[in-house]
$ cat work31.pdb   # PDB, C-alpha atoms
ATOM      1  CA  VAL A   1     -13.022 -64.071 -45.634  1.00  0.00           C
ATOM      2  CA  PHE A   2     -11.759 -66.071 -48.612  1.00  0.00           C
ATOM      3  CA  ASP A   3     -12.376 -63.204 -51.038  1.00  0.00           C
ATOM      4  CA  SER A   4      -9.303 -62.113 -52.991  1.00  0.00           C
ATOM      5  CA  GLY A   5      -9.826 -58.518 -51.940  1.00  0.00           C
ATOM      6  CA  PHE A   6      -9.789 -59.388 -48.260  1.00  0.00           C
ATOM      7  CA  VAL A   7      -6.990 -61.948 -48.447  1.00  0.00           C
ATOM      8  CA  LEU A   8      -4.643 -60.077 -50.800  1.00  0.00           C
ATOM      9  CA  GLY A   9      -6.002 -56.674 -51.770  1.00  0.00           C
ATOM     10  CA  ASP A  10      -6.403 -58.222 -55.226  1.00  0.00           C
ATOM     11  CA  GLY A  11      -8.849 -56.017 -57.100  1.00  0.00           C
ATOM     12  CA  VAL A  12      -9.558 -52.667 -58.736  1.00  0.00           C
ATOM     13  CA  TRP A  13     -11.967 -49.899 -57.823  1.00  0.00           C
ATOM     14  CA  GLU A  14     -13.396 -46.523 -58.799  1.00  0.00           C
ATOM     15  CA  GLY A  15     -14.748 -43.565 -56.847  1.00  0.00           C
ATOM     16  CA  LEU A  16     -17.651 -41.793 -58.549  1.00  0.00           C
ATOM     17  CA  ARG A  17     -19.349 -38.536 -57.667  1.00  0.00           C
ATOM     18  CA  VAL A  18     -23.123 -38.538 -58.308  1.00  0.00           C
ATOM     19  CA  SER A  19     -25.037 -35.471 -59.526  1.00  0.00           C
ATOM     20  CA  GLY A  20     -28.699 -35.410 -60.469  1.00  0.00           C
ATOM     21  CA  GLY A  21     -28.913 -39.157 -59.955  1.00  0.00           C
ATOM     22  CA  HIS A  22     -26.117 -39.927 -62.409  1.00  0.00           C
ATOM     23  CA  PRO A  23     -22.443 -40.806 -61.790  1.00  0.00           C
ATOM     24  CA  VAL A  24     -20.242 -38.081 -63.256  1.00  0.00           C
ATOM     25  CA  PHE A  25     -17.803 -39.164 -66.010  1.00  0.00           C
ATOM     26  CA  LEU A  26     -19.096 -42.743 -65.698  1.00  0.00           C
ATOM     27  CA  GLU A  27     -17.737 -43.912 -69.060  1.00  0.00           C
ATOM     28  CA  GLN A  28     -14.227 -42.721 -68.219  1.00  0.00           C
ATOM     29  CA  HIS A  29     -14.364 -44.485 -64.862  1.00  0.00           C
ATOM     30  CA  LEU A  30     -15.504 -47.691 -66.546  1.00  0.00           C
ATOM     31  CA  ASP A  31     -12.682 -47.333 -69.084  1.00  0.00           C
ATOM     32  CA  ARG A  32     -10.182 -47.087 -66.241  1.00  0.00           C
ATOM     33  CA  ILE A  33     -11.520 -50.029 -64.246  1.00  0.00           C
ATOM     34  CA  GLU A  34     -11.564 -52.160 -67.397  1.00  0.00           C
ATOM     35  CA  GLU A  35      -7.958 -51.219 -68.186  1.00  0.00           C
ATOM     36  CA  GLY A  36      -6.898 -52.125 -64.640  1.00  0.00           C
ATOM     37  CA  ALA A  37      -8.750 -55.435 -64.750  1.00  0.00           C
ATOM     38  CA  ARG A  38      -7.115 -56.340 -68.067  1.00  0.00           C
ATOM     39  CA  ALA A  39      -3.683 -55.558 -66.655  1.00  0.00           C
ATOM     40  CA  LEU A  40      -4.351 -57.833 -63.660  1.00  0.00           C
ATOM     41  CA  LEU A  41      -6.142 -60.566 -65.668  1.00  0.00           C
ATOM     42  CA  ILE A  42      -9.326 -60.133 -63.635  1.00  0.00           C
ATOM     43  CA  ASP A  43     -12.431 -61.399 -65.412  1.00  0.00           C
ATOM     44  CA  LEU A  44     -14.547 -58.274 -65.078  1.00  0.00           C
ATOM     45  CA  PRO A  45     -18.346 -58.299 -65.422  1.00  0.00           C
ATOM     46  CA  SER A  46     -19.667 -56.483 -68.474  1.00  0.00           C
ATOM     47  CA  ARG A  47     -19.851 -52.713 -68.626  1.00  0.00           C
ATOM     48  CA  ALA A  48     -23.650 -52.963 -68.599  1.00  0.00           C
ATOM     49  CA  GLU A  49     -23.595 -55.092 -65.429  1.00  0.00           C
ATOM     50  CA  LEU A  50     -21.257 -52.689 -63.639  1.00  0.00           C
ATOM     51  CA  THR A  51     -23.405 -49.731 -64.681  1.00  0.00           C
ATOM     52  CA  GLU A  52     -26.540 -51.456 -63.410  1.00  0.00           C
ATOM     53  CA  ALA A  53     -24.819 -52.303 -60.100  1.00  0.00           C
ATOM     54  CA  VAL A  54     -24.169 -48.585 -59.540  1.00  0.00           C
ATOM     55  CA  TYR A  55     -27.654 -47.435 -60.568  1.00  0.00           C
ATOM     56  CA  ALA A  56     -29.385 -50.229 -58.627  1.00  0.00           C
ATOM     57  CA  THR A  57     -27.536 -49.127 -55.483  1.00  0.00           C
ATOM     58  CA  LEU A  58     -28.581 -45.497 -56.037  1.00  0.00           C
ATOM     59  CA  ARG A  59     -32.214 -46.499 -56.645  1.00  0.00           C
ATOM     60  CA  ALA A  60     -32.340 -48.749 -53.581  1.00  0.00           C
ATOM     61  CA  ASN A  61     -31.098 -45.917 -51.372  1.00  0.00           C
ATOM     62  CA  GLU A  62     -33.047 -43.135 -53.152  1.00  0.00           C
ATOM     63  CA  MET A  63     -29.846 -41.186 -53.676  1.00  0.00           C
ATOM     64  CA  THR A  64     -29.495 -38.419 -56.269  1.00  0.00           C
ATOM     65  CA  ASP A  65     -27.141 -35.647 -55.104  1.00  0.00           C
ATOM     66  CA  GLY A  66     -24.289 -35.115 -52.678  1.00  0.00           C
ATOM     67  CA  VAL A  67     -23.423 -38.794 -53.117  1.00  0.00           C
ATOM     68  CA  HIS A  68     -20.166 -40.668 -53.590  1.00  0.00           C
ATOM     69  CA  VAL A  69     -20.093 -44.241 -54.891  1.00  0.00           C
ATOM     70  CA  ARG A  70     -17.171 -46.598 -54.440  1.00  0.00           C
ATOM     71  CA  LEU A  71     -17.343 -49.371 -57.042  1.00  0.00           C
ATOM     72  CA  MET A  72     -15.081 -52.273 -56.112  1.00  0.00           C
ATOM     73  CA  VAL A  73     -14.280 -55.418 -58.068  1.00  0.00           C
ATOM     74  CA  THR A  74     -12.062 -58.223 -56.740  1.00  0.00           C
ATOM     75  CA  ARG A  75     -10.839 -61.370 -58.454  1.00  0.00           C
ATOM     76  CA  GLY A  76     -13.378 -63.379 -56.450  1.00  0.00           C
ATOM     77  CA  VAL A  77     -13.534 -66.033 -53.742  1.00  0.00           C
ATOM     78  CA  LYS A  78     -10.563 -68.390 -53.337  1.00  0.00           C
ATOM     79  CA  SER A  79     -10.560 -72.029 -52.285  1.00  0.00           C
ATOM     80  CA  THR A  80      -7.722 -71.256 -49.867  1.00  0.00           C
ATOM     81  CA  PRO A  81      -6.054 -68.022 -48.699  1.00  0.00           C
ATOM     82  CA  TYR A  82      -3.168 -68.251 -51.172  1.00  0.00           C
ATOM     83  CA  GLN A  83      -1.946 -65.667 -53.664  1.00  0.00           C
ATOM     84  CA  ASP A  84      -2.063 -67.763 -56.866  1.00  0.00           C
ATOM     85  CA  PRO A  85      -5.025 -66.466 -58.938  1.00  0.00           C
ATOM     86  CA  ARG A  86      -5.683 -70.000 -60.158  1.00  0.00           C
ATOM     87  CA  VAL A  87      -7.144 -70.992 -56.787  1.00  0.00           C
ATOM     88  CA  THR A  88     -10.020 -68.557 -57.369  1.00  0.00           C
ATOM     89  CA  VAL A  89     -13.214 -70.638 -57.445  1.00  0.00           C
ATOM     90  CA  GLY A  90     -15.927 -68.150 -58.302  1.00  0.00           C
ATOM     91  CA  PRO A  91     -16.687 -65.102 -60.431  1.00  0.00           C
ATOM     92  CA  ALA A  92     -15.438 -61.627 -59.657  1.00  0.00           C
ATOM     93  CA  THR A  93     -16.908 -59.996 -56.549  1.00  0.00           C
ATOM     94  CA  VAL A  94     -18.657 -56.665 -57.246  1.00  0.00           C
ATOM     95  CA  VAL A  95     -19.490 -54.249 -54.411  1.00  0.00           C
ATOM     96  CA  ALA A  96     -20.995 -50.762 -54.757  1.00  0.00           C
ATOM     97  CA  ILE A  97     -21.018 -48.553 -51.659  1.00  0.00           C
ATOM     98  CA  ALA A  98     -23.049 -45.333 -51.884  1.00  0.00           C
ATOM     99  CA  GLU A  99     -22.663 -42.652 -49.217  1.00  0.00           C
ATOM    100  CA  HIS A 100     -23.922 -39.141 -48.725  1.00  0.00           C
ATOM    101  CA  LYS A 101     -20.644 -37.217 -48.796  1.00  0.00           C
ATOM    102  CA  GLU A 102     -20.203 -33.483 -49.164  1.00  0.00           C
ATOM    103  CA  PRO A 103     -16.993 -31.508 -48.598  1.00  0.00           C
ATOM    104  CA  LEU A 104     -16.732 -30.352 -45.005  1.00  0.00           C
ATOM    105  CA  PRO A 105     -17.379 -26.595 -44.666  1.00  0.00           C
ATOM    106  CA  ALA A 106     -13.877 -26.096 -43.243  1.00  0.00           C
ATOM    107  CA  THR A 107     -12.374 -27.780 -46.301  1.00  0.00           C
ATOM    108  CA  VAL A 108     -14.126 -25.250 -48.541  1.00  0.00           C
ATOM    109  CA  THR A 109     -13.274 -22.167 -46.477  1.00  0.00           C
ATOM    110  CA  GLU A 110      -9.873 -23.061 -45.032  1.00  0.00           C
ATOM    111  CA  GLY A 111      -8.458 -25.706 -47.361  1.00  0.00           C
ATOM    112  CA  ILE A 112      -6.351 -28.619 -46.168  1.00  0.00           C
ATOM    113  CA  THR A 113      -2.818 -28.993 -44.861  1.00  0.00           C
ATOM    114  CA  LEU A 114      -0.180 -31.199 -46.481  1.00  0.00           C
ATOM    115  CA  PHE A 115       2.907 -32.893 -45.074  1.00  0.00           C
ATOM    116  CA  THR A 116       5.736 -33.938 -47.387  1.00  0.00           C
ATOM    117  CA  THR A 117       6.248 -37.575 -46.465  1.00  0.00           C
ATOM    118  CA  HIS A 118       9.348 -39.722 -46.863  1.00  0.00           C
ATOM    119  CA  VAL A 119       7.163 -42.517 -48.292  1.00  0.00           C
ATOM    120  CA  ARG A 120       7.773 -42.509 -52.046  1.00  0.00           C
ATOM    121  CA  ARG A 121       5.543 -43.585 -54.891  1.00  0.00           C
ATOM    122  CA  ALA A 122       6.569 -46.969 -56.234  1.00  0.00           C
ATOM    123  CA  HIS A 123       8.202 -47.806 -59.558  1.00  0.00           C
ATOM    124  CA  PRO A 124       5.840 -49.468 -62.062  1.00  0.00           C
ATOM    125  CA  ASP A 125       7.747 -52.743 -61.729  1.00  0.00           C
ATOM    126  CA  THR A 126       7.145 -52.760 -57.948  1.00  0.00           C
ATOM    127  CA  LEU A 127       3.522 -51.656 -57.586  1.00  0.00           C
ATOM    128  CA  ASP A 128       2.340 -49.730 -60.633  1.00  0.00           C
ATOM    129  CA  PRO A 129       1.057 -46.393 -59.255  1.00  0.00           C
ATOM    130  CA  ARG A 130      -1.190 -45.952 -62.282  1.00  0.00           C
ATOM    131  CA  LEU A 131      -3.317 -48.951 -61.291  1.00  0.00           C
ATOM    132  CA  ASN A 132      -6.292 -48.120 -59.086  1.00  0.00           C
ATOM    133  CA  ALA A 133      -5.765 -51.347 -57.168  1.00  0.00           C
ATOM    134  CA  HIS A 134      -7.134 -52.351 -53.780  1.00  0.00           C
ATOM    135  CA  SER A 135      -3.575 -52.692 -52.533  1.00  0.00           C
ATOM    136  CA  LYS A 136      -3.067 -49.196 -51.069  1.00  0.00           C
ATOM    137  CA  LEU A 137      -0.512 -49.857 -48.354  1.00  0.00           C
ATOM    138  CA  ASN A 138       1.938 -47.422 -49.939  1.00  0.00           C
ATOM    139  CA  ASP A 139      -0.636 -44.627 -49.626  1.00  0.00           C
ATOM    140  CA  VAL A 140      -1.779 -45.762 -46.185  1.00  0.00           C
ATOM    141  CA  THR A 141       1.730 -45.492 -44.733  1.00  0.00           C
ATOM    142  CA  ALA A 142       2.057 -42.002 -46.251  1.00  0.00           C
ATOM    143  CA  CYS A 143      -1.314 -41.045 -44.777  1.00  0.00           C
ATOM    144  CA  ILE A 144      -0.260 -42.287 -41.324  1.00  0.00           C
ATOM    145  CA  GLN A 145       2.886 -40.188 -41.431  1.00  0.00           C
ATOM    146  CA  ALA A 146       0.888 -37.127 -42.504  1.00  0.00           C
ATOM    147  CA  TYR A 147      -1.782 -37.276 -39.820  1.00  0.00           C
ATOM    148  CA  THR A 148       0.808 -38.146 -37.166  1.00  0.00           C
ATOM    149  CA  ALA A 149       2.491 -34.870 -38.146  1.00  0.00           C
ATOM    150  CA  GLY A 150      -0.839 -33.050 -37.774  1.00  0.00           C
ATOM    151  CA  ALA A 151      -1.641 -32.686 -41.496  1.00  0.00           C
ATOM    152  CA  ASP A 152      -4.684 -33.719 -43.499  1.00  0.00           C
ATOM    153  CA  GLU A 153      -2.947 -35.352 -46.434  1.00  0.00           C
ATOM    154  CA  ALA A 154       0.511 -36.506 -47.516  1.00  0.00           C
ATOM    155  CA  LEU A 155       2.379 -34.905 -50.392  1.00  0.00           C
ATOM    156  CA  MET A 156       4.274 -37.791 -51.972  1.00  0.00           C
ATOM    157  CA  LEU A 157       7.403 -37.654 -54.103  1.00  0.00           C
ATOM    158  CA  ASP A 158       8.369 -39.988 -56.914  1.00  0.00           C
ATOM    159  CA  PRO A 159      11.468 -42.221 -56.684  1.00  0.00           C
ATOM    160  CA  HIS A 160      13.569 -39.376 -58.155  1.00  0.00           C
ATOM    161  CA  GLY A 161      12.483 -36.782 -55.584  1.00  0.00           C
ATOM    162  CA  PHE A 162      10.017 -34.883 -57.763  1.00  0.00           C
ATOM    163  CA  VAL A 163       6.462 -34.157 -56.625  1.00  0.00           C
ATOM    164  CA  ALA A 164       4.119 -36.973 -57.707  1.00  0.00           C
ATOM    165  CA  THR A 165       0.733 -36.753 -55.994  1.00  0.00           C
ATOM    166  CA  CYS A 166      -0.968 -36.824 -52.609  1.00  0.00           C
ATOM    167  CA  ASN A 167      -1.933 -40.049 -50.894  1.00  0.00           C
ATOM    168  CA  SER A 168      -5.584 -39.811 -51.987  1.00  0.00           C
ATOM    169  CA  THR A 169      -5.794 -36.730 -54.214  1.00  0.00           C
ATOM    170  CA  HIS A 170      -3.923 -35.136 -57.100  1.00  0.00           C
ATOM    171  CA  PHE A 171      -1.793 -32.060 -56.496  1.00  0.00           C
ATOM    172  CA  PHE A 172      -1.537 -28.823 -58.492  1.00  0.00           C
ATOM    173  CA  VAL A 173       0.319 -25.548 -57.986  1.00  0.00           C
ATOM    174  CA  VAL A 174      -0.369 -22.203 -59.627  1.00  0.00           C
ATOM    175  CA  THR A 175       2.868 -20.315 -60.210  1.00  0.00           C
ATOM    176  CA  ARG A 176       3.395 -16.578 -59.842  1.00  0.00           C
ATOM    177  CA  ALA A 177       3.383 -16.436 -63.642  1.00  0.00           C
ATOM    178  CA  GLY A 178      -0.148 -17.849 -63.655  1.00  0.00           C
ATOM    179  CA  GLU A 179       0.769 -21.312 -64.913  1.00  0.00           C
ATOM    180  CA  VAL A 180      -0.913 -24.442 -63.556  1.00  0.00           C
ATOM    181  CA  TRP A 181       1.563 -27.250 -62.833  1.00  0.00           C
ATOM    182  CA  THR A 182       0.973 -30.873 -61.955  1.00  0.00           C
ATOM    183  CA  SER A 183       3.268 -33.888 -62.062  1.00  0.00           C
ATOM    184  CA  ASP A 184       4.215 -35.569 -65.318  1.00  0.00           C
ATOM    185  CA  GLY A 185       1.854 -38.420 -64.407  1.00  0.00           C
ATOM    186  CA  ARG A 186       4.315 -41.305 -64.416  1.00  0.00           C
ATOM    187  CA  PHE A 187       3.961 -41.998 -60.690  1.00  0.00           C
ATOM    188  CA  CYS A 188       0.326 -41.206 -60.005  1.00  0.00           C
ATOM    189  CA  LEU A 189      -3.053 -42.614 -60.870  1.00  0.00           C
ATOM    190  CA  GLY A 190      -4.482 -41.436 -64.193  1.00  0.00           C
ATOM    191  CA  GLY A 191      -6.863 -39.073 -62.425  1.00  0.00           C
ATOM    192  CA  ILE A 192     -10.124 -38.354 -64.217  1.00  0.00           C
ATOM    193  CA  THR A 193     -10.842 -35.091 -62.377  1.00  0.00           C
ATOM    194  CA  ARG A 194      -7.173 -34.233 -62.931  1.00  0.00           C
ATOM    195  CA  SER A 195      -7.607 -34.691 -66.682  1.00  0.00           C
ATOM    196  CA  HIS A 196     -10.693 -32.476 -66.697  1.00  0.00           C
ATOM    197  CA  VAL A 197      -8.865 -29.693 -64.833  1.00  0.00           C
ATOM    198  CA  LEU A 198      -6.178 -29.766 -67.529  1.00  0.00           C
ATOM    199  CA  ALA A 199      -8.865 -29.723 -70.226  1.00  0.00           C
ATOM    200  CA  VAL A 200     -10.563 -26.713 -68.612  1.00  0.00           C
ATOM    201  CA  CYS A 201      -7.216 -24.910 -68.552  1.00  0.00           C
ATOM    202  CA  ARG A 202      -6.735 -25.573 -72.281  1.00  0.00           C
ATOM    203  CA  THR A 203     -10.269 -24.411 -73.077  1.00  0.00           C
ATOM    204  CA  HIS A 204      -9.733 -21.134 -71.212  1.00  0.00           C
ATOM    205  CA  GLU A 205      -6.183 -20.645 -72.490  1.00  0.00           C
ATOM    206  CA  ILE A 206      -4.659 -21.001 -69.031  1.00  0.00           C
ATOM    207  CA  PRO A 207      -1.082 -22.291 -69.386  1.00  0.00           C
ATOM    208  CA  ALA A 208      -0.984 -25.778 -67.865  1.00  0.00           C
ATOM    209  CA  ARG A 209       1.975 -28.129 -67.691  1.00  0.00           C
ATOM    210  CA  GLU A 210       2.422 -31.771 -66.727  1.00  0.00           C
ATOM    211  CA  THR A 211       6.027 -31.542 -65.680  1.00  0.00           C
ATOM    212  CA  PRO A 212       8.544 -32.694 -63.062  1.00  0.00           C
ATOM    213  CA  PHE A 213       8.968 -30.199 -60.233  1.00  0.00           C
ATOM    214  CA  SER A 214      10.533 -30.477 -56.808  1.00  0.00           C
ATOM    215  CA  PRO A 215       9.419 -29.506 -53.261  1.00  0.00           C
ATOM    216  CA  PRO A 216      10.995 -26.007 -53.379  1.00  0.00           C
ATOM    217  CA  ASP A 217       8.725 -25.303 -56.372  1.00  0.00           C
ATOM    218  CA  VAL A 218       5.766 -26.124 -54.124  1.00  0.00           C
ATOM    219  CA  TYR A 219       6.651 -23.766 -51.274  1.00  0.00           C
ATOM    220  CA  ALA A 220       7.005 -20.601 -53.375  1.00  0.00           C
ATOM    221  CA  PRO A 221       3.794 -20.382 -55.465  1.00  0.00           C
ATOM    222  CA  PRO A 222       0.871 -18.322 -54.149  1.00  0.00           C
ATOM    223  CA  GLU A 223      -1.706 -21.052 -54.844  1.00  0.00           C
ATOM    224  CA  ALA A 224      -2.052 -24.806 -54.648  1.00  0.00           C
ATOM    225  CA  PHE A 225      -5.034 -27.124 -54.845  1.00  0.00           C
ATOM    226  CA  VAL A 226      -5.912 -30.811 -54.916  1.00  0.00           C
ATOM    227  CA  THR A 227      -8.508 -32.772 -56.899  1.00  0.00           C
ATOM    228  CA  GLY A 228     -10.192 -36.061 -56.237  1.00  0.00           C
TER     229      GLY A 228
END
$ encode --input "work31.pdb" --output "structure tokens"
Amino acid sequence: VFDSGFVLGDGVWEGLRVSGGHPVFLEQHLDRIEEGARALLIDLPSRAELTEAVYATLRANEMTDGVHVRLMVTRGVKSTPYQDPRVTVGPATVVAIAEHKEPLPATVTEGITLFTTHVRRAHPDTLDPRLNAHSKLNDVTACIQAYTAGADEALMLDPHGFVATCNSTHFFVVTRAGEVWTSDGRFCLGGITRSHVLAVCRTHEIPARETPFSPPDVYAPPEAFVTG
């Protein structure tokens, strides 16, 4: 109960999909967690130790496919439940949770519903939305508003009223002209699947834009999808 993650939400994390016994895009996920830890001055274990923590968890549970791993690192245990990082008395806490998780059949066949929430993404000087931090209260309040309205996920706007992201996924629209649009990225996590979707578009010469667009631009297009 004295862990920084429990007391303050002080930590960073990654969600990894596993295929054939290996976490997909592992190096990019490790890059991102290292960047977040540096920004928060968290003394992260080595890349080799984090990699072994993930693989050891998969081996112990005999997991190879249809698996999702949540790799969490907090600043560590504190001597007292106080916010100052200098009262941390131990090394970083590392937790890897592996679960068998496949998309629900209804998600594949019917999609999901979104609700445009009034809860906005924060400015970087308030709670940097590009950090994959444990502190997710902004997204949690958006999620609560969405499911209270009967939707599966919240569509969140940036502080200027443009579409930013969903509370736990990234949002794309496909315009009637066949262009793929997603937000300009300033107010959402640097999504790894998101980046690969954009790369696939470039490879196949599908016009793709990271650009500001507003809610009316969301309601008109014939297609929309989320990644995560």
$ atom_distance --input "work31.pdb" --atom1 "atom CA of A:Thr165" --atom2 "atom CA of A:Cys188"
6.0 Å
$ resolve_selection --input "work31.pdb" --expression "the PyMOL selection byres ((chain A and resi 185) around 12)" --output "PyMOL selection string"
chain A and resi 121+124+128-130+157-158+162-165+170-172+181-184+186-192+194-195+209-213
$ resolve_selection --input "work31.pdb" --expression "the PyMOL selection byres ((chain A and resi 77-90) around 10)" --output "ChimeraX atom specification"
/A:1-8,10,40-42,74-76,91-93
$ write_last_selection --input "work31.pdb" --atoms "C-alpha atoms" --output "PDB file, in the coordinates of the input"
ATOM      1  CA  VAL A   1     -13.022 -64.071 -45.634  1.00  0.00           C
ATOM      2  CA  PHE A   2     -11.759 -66.071 -48.612  1.00  0.00           C
ATOM      3  CA  ASP A   3     -12.376 -63.204 -51.038  1.00  0.00           C
ATOM      4  CA  SER A   4      -9.303 -62.113 -52.991  1.00  0.00           C
ATOM      5  CA  GLY A   5      -9.826 -58.518 -51.940  1.00  0.00           C
ATOM      6  CA  PHE A   6      -9.789 -59.388 -48.260  1.00  0.00           C
ATOM      7  CA  VAL A   7      -6.990 -61.948 -48.447  1.00  0.00           C
ATOM      8  CA  LEU A   8      -4.643 -60.077 -50.800  1.00  0.00           C
ATOM      9  CA  ASP A  10      -6.403 -58.222 -55.226  1.00  0.00           C
ATOM     10  CA  LEU A  40      -4.351 -57.833 -63.660  1.00  0.00           C
ATOM     11  CA  LEU A  41      -6.142 -60.566 -65.668  1.00  0.00           C
ATOM     12  CA  ILE A  42      -9.326 -60.133 -63.635  1.00  0.00           C
ATOM     13  CA  THR A  74     -12.062 -58.223 -56.740  1.00  0.00           C
ATOM     14  CA  ARG A  75     -10.839 -61.370 -58.454  1.00  0.00           C
ATOM     15  CA  GLY A  76     -13.378 -63.379 -56.450  1.00  0.00           C
ATOM     16  CA  PRO A  91     -16.687 -65.102 -60.431  1.00  0.00           C
ATOM     17  CA  ALA A  92     -15.438 -61.627 -59.657  1.00  0.00           C
ATOM     18  CA  THR A  93     -16.908 -59.996 -56.549  1.00  0.00           C
TER      19      THR A  93
END
$ resolve_selection --input "work31.pdb" --expression "the PyMOL selection byres ((chain A and resi 51) around 12)" --output "ChimeraX atom specification"
/A:16,22-23,26-27,29-31,33,45-50,52-58,69,71,94-96
$ write_last_selection --input "work31.pdb" --atoms "C-alpha atoms" --output "PDB file, keeping the file's coordinate frame"
ATOM      1  CA  LEU A  16     -17.651 -41.793 -58.549  1.00  0.00           C
ATOM      2  CA  HIS A  22     -26.117 -39.927 -62.409  1.00  0.00           C
ATOM      3  CA  PRO A  23     -22.443 -40.806 -61.790  1.00  0.00           C
ATOM      4  CA  LEU A  26     -19.096 -42.743 -65.698  1.00  0.00           C
ATOM      5  CA  GLU A  27     -17.737 -43.912 -69.060  1.00  0.00           C
ATOM      6  CA  HIS A  29     -14.364 -44.485 -64.862  1.00  0.00           C
ATOM      7  CA  LEU A  30     -15.504 -47.691 -66.546  1.00  0.00           C
ATOM      8  CA  ASP A  31     -12.682 -47.333 -69.084  1.00  0.00           C
ATOM      9  CA  ILE A  33     -11.520 -50.029 -64.246  1.00  0.00           C
ATOM     10  CA  PRO A  45     -18.346 -58.299 -65.422  1.00  0.00           C
ATOM     11  CA  SER A  46     -19.667 -56.483 -68.474  1.00  0.00           C
ATOM     12  CA  ARG A  47     -19.851 -52.713 -68.626  1.00  0.00           C
ATOM     13  CA  ALA A  48     -23.650 -52.963 -68.599  1.00  0.00           C
ATOM     14  CA  GLU A  49     -23.595 -55.092 -65.429  1.00  0.00           C
ATOM     15  CA  LEU A  50     -21.257 -52.689 -63.639  1.00  0.00           C
ATOM     16  CA  GLU A  52     -26.540 -51.456 -63.410  1.00  0.00           C
ATOM     17  CA  ALA A  53     -24.819 -52.303 -60.100  1.00  0.00           C
ATOM     18  CA  VAL A  54     -24.169 -48.585 -59.540  1.00  0.00           C
ATOM     19  CA  TYR A  55     -27.654 -47.435 -60.568  1.00  0.00           C
ATOM     20  CA  ALA A  56     -29.385 -50.229 -58.627  1.00  0.00           C
ATOM     21  CA  THR A  57     -27.536 -49.127 -55.483  1.00  0.00           C
ATOM     22  CA  LEU A  58     -28.581 -45.497 -56.037  1.00  0.00           C
ATOM     23  CA  VAL A  69     -20.093 -44.241 -54.891  1.00  0.00           C
ATOM     24  CA  LEU A  71     -17.343 -49.371 -57.042  1.00  0.00           C
ATOM     25  CA  VAL A  94     -18.657 -56.665 -57.246  1.00  0.00           C
ATOM     26  CA  VAL A  95     -19.490 -54.249 -54.411  1.00  0.00           C
ATOM     27  CA  ALA A  96     -20.995 -50.762 -54.757  1.00  0.00           C
TER      28      ALA A  96
END
$ atom_distance --input "work31.pdb" --atom1 "atom CA of A:Gly11" --atom2 "atom CA of A:His134"
5.2 Å
$ atom_distance --input "work31.pdb" --atom1 "atom CA of A:Glu205" --atom2 "atom CA of A:Val173"
16.6 Å
